[in-house]
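*Asks:* Pasting a structure below so you can have a look.
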Number of protein chains: 2
Amino acid sequence: MRINAKDPRPIFKQIGDHIRHDIEHGALPSGTAISSEREYAEQLKVSRMTVRAAINELVQEGMLLRRPGRATTVANGKINKNAIGFMSFTEDMQSRGMKAASQLLNFREETADAAVAGQLGLSTGARVFVIERVRFANSEPMAVESIYLPHSRFAGLVKFDLSKHSLYQLMEQEFHTRPTTADESIEAVQLTTAEARLLSVRSGSPALLARRVTRDEEGRVIEVAKAIYRGDRYRMVFMRQR
Amino acid sequence: MRINAKDPRPIFKQIGDHIRHDIEHGALPSGTAISSEREYAEQLKVSRMTVRAAINELVQEGMLLRRPGRATTVANGKINKNAIGFMSFTEDMQSRGMKAASQLLNFREETADAAVAGQLGLSTGARVFVIERVRFANSEPMAVESIYLPHSRFAGLVKFDLSKHSLYQLMEQEFHTRPTTADESIEAVQLTTAEARLLSVRSGSPALLARRVTRDEEGRVIEVAKAIYRGDRYRMVFMRQR
DNA sequence: CAATACGACTGGTATATACCAGATATAGAC
DNA sequence: GTCTATATCTGGTATATACCAGTCGTATTG
């Protein structure tokens, strides 16, 4: 391992990525101690603080375990990369080895009612986009989704074909808005007749109802969503930390 | 604000806690810019790097927003402290303003079957503790819970009264084991007759089934649990980041 | 031989300094 | 007035250094 001055990444990033690579590829198995900070610093001819910055990231990610007085070791267990991070339905399905698709039921602009406006942080009567769609995994219907977006923030959204572009991708590329945090709640419900028909299951069968309020980097609400997942096919997985 | 040399906390911790306090008590409202790192450093007579360490923590927690070239600002939105962190049922209920209780159905030692042994990382035939209990919130049954613990790790657990002590508390205080990460999955199910009876609801009503594999700091599995929450009363809330 | 003391580690905290790149306000040019 | 160049902010990265407090192996002591 050597530091590459031409690499546009900062030095600590290079070091961190290198160690991460070693862990992910088995060169540093679970439980083994990595070199000490001073060793890395001397070997790479960088400051110890730079090495610390690199290791900090990996500790943050849960890959390394620091304990004062003892060596820093590789954490056991599979490293769940996208621990609790954002995953669009598409990414979610891909990570499970399934092919995601979606059928747009509705894409309109309307006046927000009090509830939606409140959640979006808009005044009652503000305009919002409403997107309703059925989500498919391997051609099987998995969820019915309703999304509310503030019109003020995403003016011109109607131009885009939502069956071709991922909504989150559009947000980033066209509106320079990155979903950063989301408050989510999950409950168990029974499907209504209408929902059941869309999902091709019996009316009354159990389902997961997920409500989500998504915010950008600066904490502004950019999306309010409600999704109903069929209970017989969908399981929500995540990782809690600390 | 001044640095207190007698304070056992490190300087950066003092600074961080102080800023956090200011944010939580409204002295620094959402969106306002905090002083620059250099200003803090000069005012407090500490190094800029020390101030950075303090601010780093708050950025990590999502309380502050750093953007190169611009001032560091207080993040908008309510700060969800226990974002996705661990919460015992007891803590969960307390955070909702409810009183938690539990009724022990079963507390025995048995031989792990292949599935449980596998999840716990034990060889088939290893001894495990099994805890089964009904969880109450404000005297209303909310969930049925089954927990499997490796006997090797928690020898002597039978001595304790689980209706008096929190399991996680016992783990920490008596066995020096801190739950650190957990893989969790949630699905929607219908209650069986037996479960429904324990929860005082109609058989077949919708419920949340949560499965959890909990690990300690070093990634060793310390608990495998399954909990069934009634769908008409319980909603799971969490926050996703990034 | 066991108990203890010590020295050589480890990471944790802190300082002072330097230069970079992006953002912004201000002063100047047109 | 509007545009532009520049000085001066911001945070981001990096260095070299220092001392502290745990941990642990080893040598010394009883």
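Starting from 1 in every chain, residues are counted up; chains themselves are A, B, ... following the order of the structure tokens, and ligands are numbered from 1 as listed.
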If we count only C-alpha atoms (C1' of nucleotides), which residues of chain C reach to within 12 Å of chain B? Please list them as a PyMOL selection string.
*Replies:* chain C and resi 12-17+20-24
*Asks:* Mind checking DSSP for range 101-175 of chain A and telling me the alpha helix (DSSP H) residues as a PyMOL selection string?
*Replies:* chain A and resi 114-120+167-175
*Asks:* Counting only C-alpha atoms, which residues of chain B fall within 6 Å of chain A, and what is the closest atom pair for each with its distance in Å at one decimal, ordered by chain and rising number, as a Markdown table?
*Replies:*
```
| residue | atom | partner | partner_atom | distance |
| --- | --- | --- | --- | --- |
| B:Ala75 | CA | A:Glu218 | CA | 5.8 |
| B:Asn76 | CA | A:Gly219 | CA | 4.5 |
| B:Gly77 | CA | A:Gly219 | CA | 5.4 |
| B:Ile84 | CA | A:Arg240 | CA | 5.7 |
| B:Gly85 | CA | A:Gln241 | CA | 5.2 |
| B:Thr180 | CA | A:Arg242 | CA | 4.3 |
| B:Thr181 | CA | A:Gln241 | CA | 4.4 |
| B:Ala182 | CA | A:Arg240 | CA | 5.0 |
| B:Asp183 | CA | A:Met239 | CA | 4.4 |
| B:Glu184 | CA | A:Phe238 | CA | 5.4 |
| B:Ser185 | CA | A:Val237 | CA | 4.2 |
| B:Ile186 | CA | A:Met236 | CA | 5.0 |
| B:Glu187 | CA | A:Arg235 | CA | 4.8 |
| B:Ala188 | CA | A:Gly231 | CA | 4.7 |
| B:Val189 | CA | A:Pro206 | CA | 5.7 |
| B:Pro206 | CA | A:Pro206 | CA | 5.5 |
| B:Ala207 | CA | A:Ala188 | CA | 5.3 |
| B:Leu208 | CA | A:Ala188 | CA | 5.5 |
| B:Glu218 | CA | A:Ala75 | CA | 5.7 |
| B:Gly219 | CA | A:Asn76 | CA | 4.4 |
| B:Gly231 | CA | A:Ala188 | CA | 4.7 |
| B:Arg235 | CA | A:Glu187 | CA | 4.8 |
| B:Met236 | CA | A:Ile186 | CA | 5.0 |
| B:Val237 | CA | A:Ser185 | CA | 4.2 |
| B:Phe238 | CA | A:Glu184 | CA | 5.4 |
| B:Met239 | CA | A:Asp183 | CA | 4.4 |
| B:Arg240 | CA | A:Ala182 | CA | 5.0 |
| B:Gln241 | CA | A:Thr181 | CA | 4.4 |
| B:Arg242 | CA | A:Thr180 | CA | 4.2 |
```
*Asks:* Could you list, as an MDAnalysis selection string, every residue of chain D that has an atom within 7 Å of an atom of chain A, counting only C-alpha atoms (C1' of nucleotides)?
*Replies:* chainID D and resid 14:15 22:23
*Asks:* Using the selection just defined, write its residues with C-alpha atoms (C1' of nucleotides) as an mmCIF file, in the first residue's frame.
*Replies:*
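That gives us again-v8.cif:
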```cif
data_model
loop_
_atom_site.group_PDB
_atom_site.id
_atom_site.type_symbol
_atom_site.label_atom_id
_atom_site.label_comp_id
_atom_site.auth_asym_id
_atom_site.auth_seq_id
_atom_site.Cartn_x
_atom_site.Cartn_y
_atom_site.Cartn_z
ATOM 1 C "C1'" DA D 14 -2.439 17.526 6.760
ATOM 2 C "C1'" DT D 15 1.795 17.847 9.601
ATOM 3 C "C1'" DG D 22 -5.172 1.984 30.024
ATOM 4 C "C1'" DT D 23 -3.175 -2.989 28.717
#
```
*Asks:* For DG30 in chain D, list every protein, DNA or RNA residue within 10 Å, evaluated using only C-alpha atoms (C1' of nucleotides), and leave out those in the same chain fewer than 3 positions away; present the list as a list in words.
*Replies:*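 Listing them by chain and then by number gives DA2, DA3 and DT4 of chain C.
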*Asks:* Residues near Val144 in chain A, anyone? I mean within 6 Å using only C-alpha atoms (C1' of nucleotides), not counting same-chain ones fewer than 6 positions away, as a list of chain:residue names.
*Replies:*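 Near neighbours after the sequence-gap exclusion: A:Arg133, A:Val134, A:Ala227, A:Ile228.
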*Asks:* Matching every Cα in sequence order between the two identical chains, what are the coordinates of chain A once fitted onto chain B? Write them as a compact mmCIF listing (two decimals) with C-alpha atoms, in the first residue's frame.
*Replies:*
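Ended up saving to selection-v6.txt:
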```
# COMPACT_ATOMS: atom_id res chain seq x y z
CA MET A 1 -19.09 29.46 28.18
CA ARG A 2 -15.76 28.46 29.64
CA ILE A 3 -13.62 25.37 29.77
CA ASN A 4 -13.49 23.80 33.18
CA ALA A 5 -10.16 22.14 33.85
CA LYS A 6 -11.60 20.21 36.78
CA ASP A 7 -14.32 18.71 34.61
CA PRO A 8 -13.43 15.06 34.05
CA ARG A 9 -14.82 15.23 30.53
CA PRO A 10 -12.34 15.97 27.79
CA ILE A 11 -12.39 19.52 26.47
CA PHE A 12 -13.98 18.66 23.14
CA LYS A 13 -16.73 16.83 24.99
CA GLN A 14 -17.40 19.88 27.14
CA ILE A 15 -17.63 22.10 24.10
CA GLY A 16 -19.84 19.66 22.22
CA ASP A 17 -22.19 19.20 25.16
CA HIS A 18 -22.43 22.95 25.57
CA ILE A 19 -23.37 23.54 21.95
CA ARG A 20 -25.82 20.63 22.07
CA HIS A 21 -27.39 22.18 25.13
CA ASP A 22 -27.73 25.52 23.37
CA ILE A 23 -29.44 23.86 20.42
CA GLU A 24 -31.81 21.80 22.54
CA HIS A 25 -32.79 24.79 24.62
CA GLY A 26 -33.42 27.14 21.76
CA ALA A 27 -30.42 29.41 22.22
CA LEU A 28 -29.39 28.30 18.75
CA PRO A 29 -32.55 27.98 16.68
CA SER A 30 -32.78 25.88 13.53
CA GLY A 31 -31.02 27.39 10.58
CA THR A 32 -28.84 29.80 12.49
CA ALA A 33 -25.12 29.75 11.94
CA ILE A 34 -22.95 28.89 14.91
CA SER A 35 -19.68 30.69 15.45
CA SER A 36 -16.86 29.66 13.18
CA GLU A 37 -14.37 27.12 14.39
CA ARG A 38 -11.70 29.79 14.62
CA GLU A 39 -13.96 32.01 16.69
CA TYR A 40 -14.74 29.26 19.18
CA ALA A 41 -11.07 28.37 19.37
CA GLU A 42 -10.00 31.91 20.11
CA GLN A 43 -12.80 32.62 22.55
CA LEU A 44 -12.26 29.40 24.50
CA LYS A 45 -8.49 29.52 24.20
CA VAL A 46 -8.31 26.06 22.71
CA SER A 47 -6.99 24.73 19.47
CA ARG A 48 -9.18 24.83 16.42
CA MET A 49 -8.79 21.05 16.05
CA THR A 50 -10.34 20.62 19.48
CA VAL A 51 -13.33 22.69 18.42
CA ARG A 52 -13.58 20.62 15.26
CA ALA A 53 -13.66 17.42 17.32
CA ALA A 54 -16.59 18.85 19.29
CA ILE A 55 -18.47 19.94 16.19
CA ASN A 56 -17.75 16.63 14.48
CA GLU A 57 -19.83 14.83 17.06
CA LEU A 58 -22.80 17.08 16.57
CA VAL A 59 -22.57 16.83 12.80
CA GLN A 60 -22.50 13.08 13.25
CA GLU A 61 -25.64 13.25 15.33
CA GLY A 62 -27.34 15.30 12.65
CA MET A 63 -27.66 18.39 14.80
CA LEU A 64 -25.30 20.56 12.81
CA LEU A 65 -24.83 20.93 9.11
CA ARG A 66 -21.40 21.62 7.69
CA ARG A 67 -20.89 22.98 4.21
CA PRO A 68 -17.45 23.90 2.94
CA GLY A 69 -16.97 27.61 2.43
CA ARG A 70 -20.10 28.46 4.37
CA ALA A 71 -20.87 28.67 8.05
CA THR A 72 -21.90 25.61 10.05
CA THR A 73 -25.62 25.83 10.78
CA VAL A 74 -28.12 24.20 13.10
CA ALA A 75 -30.07 21.51 11.25
CA ASN A 76 -33.79 22.04 10.87
CA GLY A 77 -36.42 19.71 12.11
CA LYS A 78 -36.86 18.01 15.40
CA ILE A 79 -33.76 16.20 16.45
CA ASN A 80 -34.69 12.60 16.87
CA LYS A 81 -32.21 11.66 19.50
CA ASN A 82 -32.62 7.94 19.66
CA ALA A 83 -32.77 7.86 15.88
CA ILE A 84 -32.52 4.21 15.24
CA GLY A 85 -30.65 3.26 18.33
CA PHE A 86 -31.47 0.58 20.76
CA MET A 87 -34.59 0.77 22.75
CA SER A 88 -35.79 -1.92 25.03
CA PHE A 89 -39.53 -2.40 25.14
CA THR A 90 -39.48 -0.58 28.45
CA GLU A 91 -37.65 2.43 27.04
CA ASP A 92 -39.79 2.36 23.95
CA MET A 93 -42.95 2.58 26.02
CA GLN A 94 -41.53 5.23 28.31
CA SER A 95 -40.61 7.39 25.35
CA ARG A 96 -44.28 7.23 24.36
CA GLY A 97 -45.42 8.16 27.81
CA MET A 98 -46.71 4.73 28.70
CA LYS A 99 -45.94 2.43 31.55
CA ALA A 100 -44.31 -0.84 30.60
CA ALA A 101 -44.84 -4.10 32.38
CA SER A 102 -44.29 -7.73 31.56
CA GLN A 103 -45.66 -11.12 32.46
CA LEU A 104 -43.23 -13.99 32.39
CA LEU A 105 -44.74 -17.03 30.72
CA ASN A 106 -41.68 -19.17 30.66
CA PHE A 107 -38.03 -19.05 31.62
CA ARG A 108 -36.17 -22.25 31.03
CA GLU A 109 -32.95 -23.73 29.82
CA GLU A 110 -33.06 -26.03 26.85
CA THR A 111 -31.06 -27.50 24.01
CA ALA A 112 -30.98 -25.26 20.98
CA ASP A 113 -32.43 -26.61 17.78
CA ALA A 114 -30.51 -26.17 14.56
CA ALA A 115 -32.17 -22.89 13.59
CA VAL A 116 -31.63 -21.08 16.88
CA ALA A 117 -28.15 -22.50 17.35
CA GLY A 118 -27.20 -21.34 13.89
CA GLN A 119 -28.43 -17.84 14.50
CA LEU A 120 -26.67 -17.67 17.82
CA GLY A 121 -23.49 -18.99 16.27
CA LEU A 122 -23.49 -22.06 18.52
CA SER A 123 -23.12 -25.69 17.62
CA THR A 124 -26.30 -27.74 17.52
CA GLY A 125 -27.05 -29.12 20.92
CA ALA A 126 -25.66 -26.16 22.85
CA ARG A 127 -27.65 -24.99 25.83
CA VAL A 128 -29.73 -21.82 25.58
CA PHE A 129 -32.00 -19.84 27.83
CA VAL A 130 -35.51 -19.32 26.57
CA ILE A 131 -37.59 -16.45 27.83
CA GLU A 132 -41.20 -16.06 26.86
CA ARG A 133 -43.24 -13.16 28.07
CA VAL A 134 -46.16 -10.91 27.36
CA ARG A 135 -45.39 -7.20 27.28
CA PHE A 136 -47.87 -4.68 28.58
CA ALA A 137 -48.24 -0.97 28.04
CA ASN A 138 -50.49 0.74 30.54
CA SER A 139 -51.80 -2.67 31.58
CA GLU A 140 -52.83 -3.51 28.06
CA PRO A 141 -51.13 -6.47 26.38
CA MET A 142 -49.04 -5.25 23.46
CA ALA A 143 -46.70 -8.01 22.42
CA VAL A 144 -45.65 -11.62 22.89
CA GLU A 145 -41.92 -12.07 22.96
CA SER A 146 -39.62 -15.09 22.73
CA ILE A 147 -35.95 -14.62 23.48
CA TYR A 148 -33.07 -17.06 23.09
CA LEU A 149 -29.79 -16.43 24.88
CA PRO A 150 -26.60 -18.50 24.78
CA HIS A 151 -26.21 -20.27 28.12
CA SER A 152 -22.42 -20.06 27.92
CA ARG A 153 -22.54 -16.31 27.94
CA PHE A 154 -25.16 -15.75 30.61
CA ALA A 155 -24.56 -18.54 33.09
CA GLY A 156 -26.36 -17.75 36.32
CA LEU A 157 -29.11 -15.76 34.68
CA VAL A 158 -31.77 -17.91 36.31
CA LYS A 159 -30.91 -16.27 39.64
CA PHE A 160 -32.45 -13.01 38.53
CA ASP A 161 -36.08 -12.06 38.57
CA LEU A 162 -36.85 -10.96 35.05
CA SER A 163 -40.08 -9.29 36.03
CA LYS A 164 -38.06 -6.94 38.23
CA HIS A 165 -34.98 -6.34 36.09
CA SER A 166 -34.71 -5.26 32.50
CA LEU A 167 -32.92 -7.90 30.48
CA TYR A 168 -30.63 -5.42 28.80
CA GLN A 169 -29.82 -3.89 32.18
CA LEU A 170 -28.87 -7.30 33.51
CA MET A 171 -26.71 -7.92 30.47
CA GLU A 172 -24.78 -4.75 31.13
CA GLN A 173 -24.56 -4.78 34.89
CA GLU A 174 -24.13 -8.47 35.58
CA PHE A 175 -22.57 -9.80 32.41
CA HIS A 176 -20.71 -6.76 31.09
CA THR A 177 -22.28 -7.22 27.71
CA ARG A 178 -23.68 -4.29 25.83
CA PRO A 179 -26.07 -4.80 22.92
CA THR A 180 -24.49 -2.77 20.16
CA THR A 181 -26.00 -3.73 16.84
CA ALA A 182 -29.07 -5.67 15.82
CA ASP A 183 -30.33 -6.98 12.53
CA GLU A 184 -34.06 -6.75 12.55
CA SER A 185 -36.80 -7.74 10.18
CA ILE A 186 -40.45 -6.81 10.28
CA GLU A 187 -43.33 -8.49 8.57
CA ALA A 188 -47.09 -8.45 8.76
CA VAL A 189 -48.83 -11.59 9.95
CA GLN A 190 -52.17 -12.77 11.28
CA LEU A 191 -52.35 -13.79 14.90
CA THR A 192 -52.74 -17.44 15.74
CA THR A 193 -55.40 -18.38 18.24
CA ALA A 194 -52.85 -18.80 21.02
CA GLU A 195 -51.20 -15.47 20.37
CA ALA A 196 -54.53 -13.72 20.03
CA ARG A 197 -55.63 -15.04 23.41
CA LEU A 198 -52.49 -13.75 25.08
CA LEU A 199 -53.01 -10.34 23.51
CA SER A 200 -56.76 -10.23 24.14
CA VAL A 201 -57.67 -9.68 20.53
CA ARG A 202 -59.56 -11.64 17.92
CA SER A 203 -57.74 -14.52 16.33
CA GLY A 204 -56.60 -13.65 12.83
CA SER A 205 -56.19 -9.93 13.42
CA PRO A 206 -53.15 -8.30 11.85
CA ALA A 207 -49.90 -8.06 13.79
CA LEU A 208 -46.26 -7.10 13.36
CA LEU A 209 -43.75 -9.90 13.58
CA ALA A 210 -40.28 -8.62 14.46
CA ARG A 211 -37.26 -10.88 14.42
CA ARG A 212 -34.07 -9.63 15.92
CA VAL A 213 -30.46 -10.83 16.10
CA THR A 214 -28.54 -8.75 18.61
CA ARG A 215 -24.76 -8.46 18.80
CA ASP A 216 -22.32 -7.08 21.31
CA GLU A 217 -19.53 -4.58 20.65
CA GLU A 218 -17.37 -7.25 19.13
CA GLY A 219 -20.01 -8.60 16.83
CA ARG A 220 -20.80 -11.76 18.77
CA VAL A 221 -24.45 -12.74 18.74
CA ILE A 222 -25.87 -12.41 22.23
CA GLU A 223 -29.60 -12.65 21.60
CA VAL A 224 -32.08 -13.98 19.12
CA ALA A 225 -35.59 -12.72 19.62
CA LYS A 226 -39.00 -12.86 18.06
CA ALA A 227 -41.76 -10.47 19.05
CA ILE A 228 -45.34 -10.24 17.90
CA TYR A 229 -46.99 -6.86 18.34
CA ARG A 230 -50.69 -6.38 17.98
CA GLY A 231 -51.42 -4.36 14.88
CA ASP A 232 -54.26 -2.33 16.30
CA ARG A 233 -52.21 -0.73 19.07
CA TYR A 234 -48.59 -0.78 18.12
CA ARG A 235 -46.68 1.20 15.56
CA MET A 236 -42.95 0.94 15.08
CA VAL A 237 -41.17 4.23 14.55
CA PHE A 238 -37.63 4.89 13.50
CA MET A 239 -35.49 7.26 11.57
CA ARG A 240 -33.36 6.54 8.57
CA GLN A 241 -30.30 8.54 7.83
CA ARG A 242 -28.39 9.51 4.79
```
*Asks:* Calculate how many Å separate C1' of DC9 in chain D from C1' of DA29 in chain C, rounding to one decimal.
*Replies:*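 Here the two named atoms are 23.5 Å from each other.
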*Asks:* Return as a count of residues only the full set of residues in range 7-239 of chain A whose backbone-based DSSP assignment is strand (DSSP E or B).
*Replies:* 73
*Asks:* Go ahead and compute the interatomic distance for C1' of DA8 in chain C and C1' of DA18 in chain D, in Å to one decimal.
*Replies:*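 Atom-to-atom, C1' of DA8 in chain C to C1' of DA18 in chain D, that is 17.5 Å.
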*Asks:* Env of DA5 in chain D: 12 Å cut, atoms = only C-alpha atoms (C1' of nucleotides), seq-sep filter 3 positions within chain, self excluded. Answer as a PDB file with C-alpha atoms (C1' of nucleotides), in the first residue's frame.
*Replies:*
```pdb
ATOM      1  C1'  DT C  26     -16.659  44.443  -1.158  1.00  0.00           C
ATOM      2  C1'  DA C  27     -14.219  47.537  -3.899  1.00  0.00           C
ATOM      3  C1'  DG C  28     -13.088  48.586  -8.361  1.00  0.00           C
ATOM      4  C1'  DA C  29     -13.679  48.855 -13.518  1.00  0.00           C
TER       5       DA C  29
END
```
*Asks:* To one decimal in Å, tell me the separation between C1' of DC30 in chain C and C1' of DG1 in chain D.
*Replies:*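 For C1' of DC30 in chain C relative to C1' of DG1 in chain D, the distance reads 10.5 Å.
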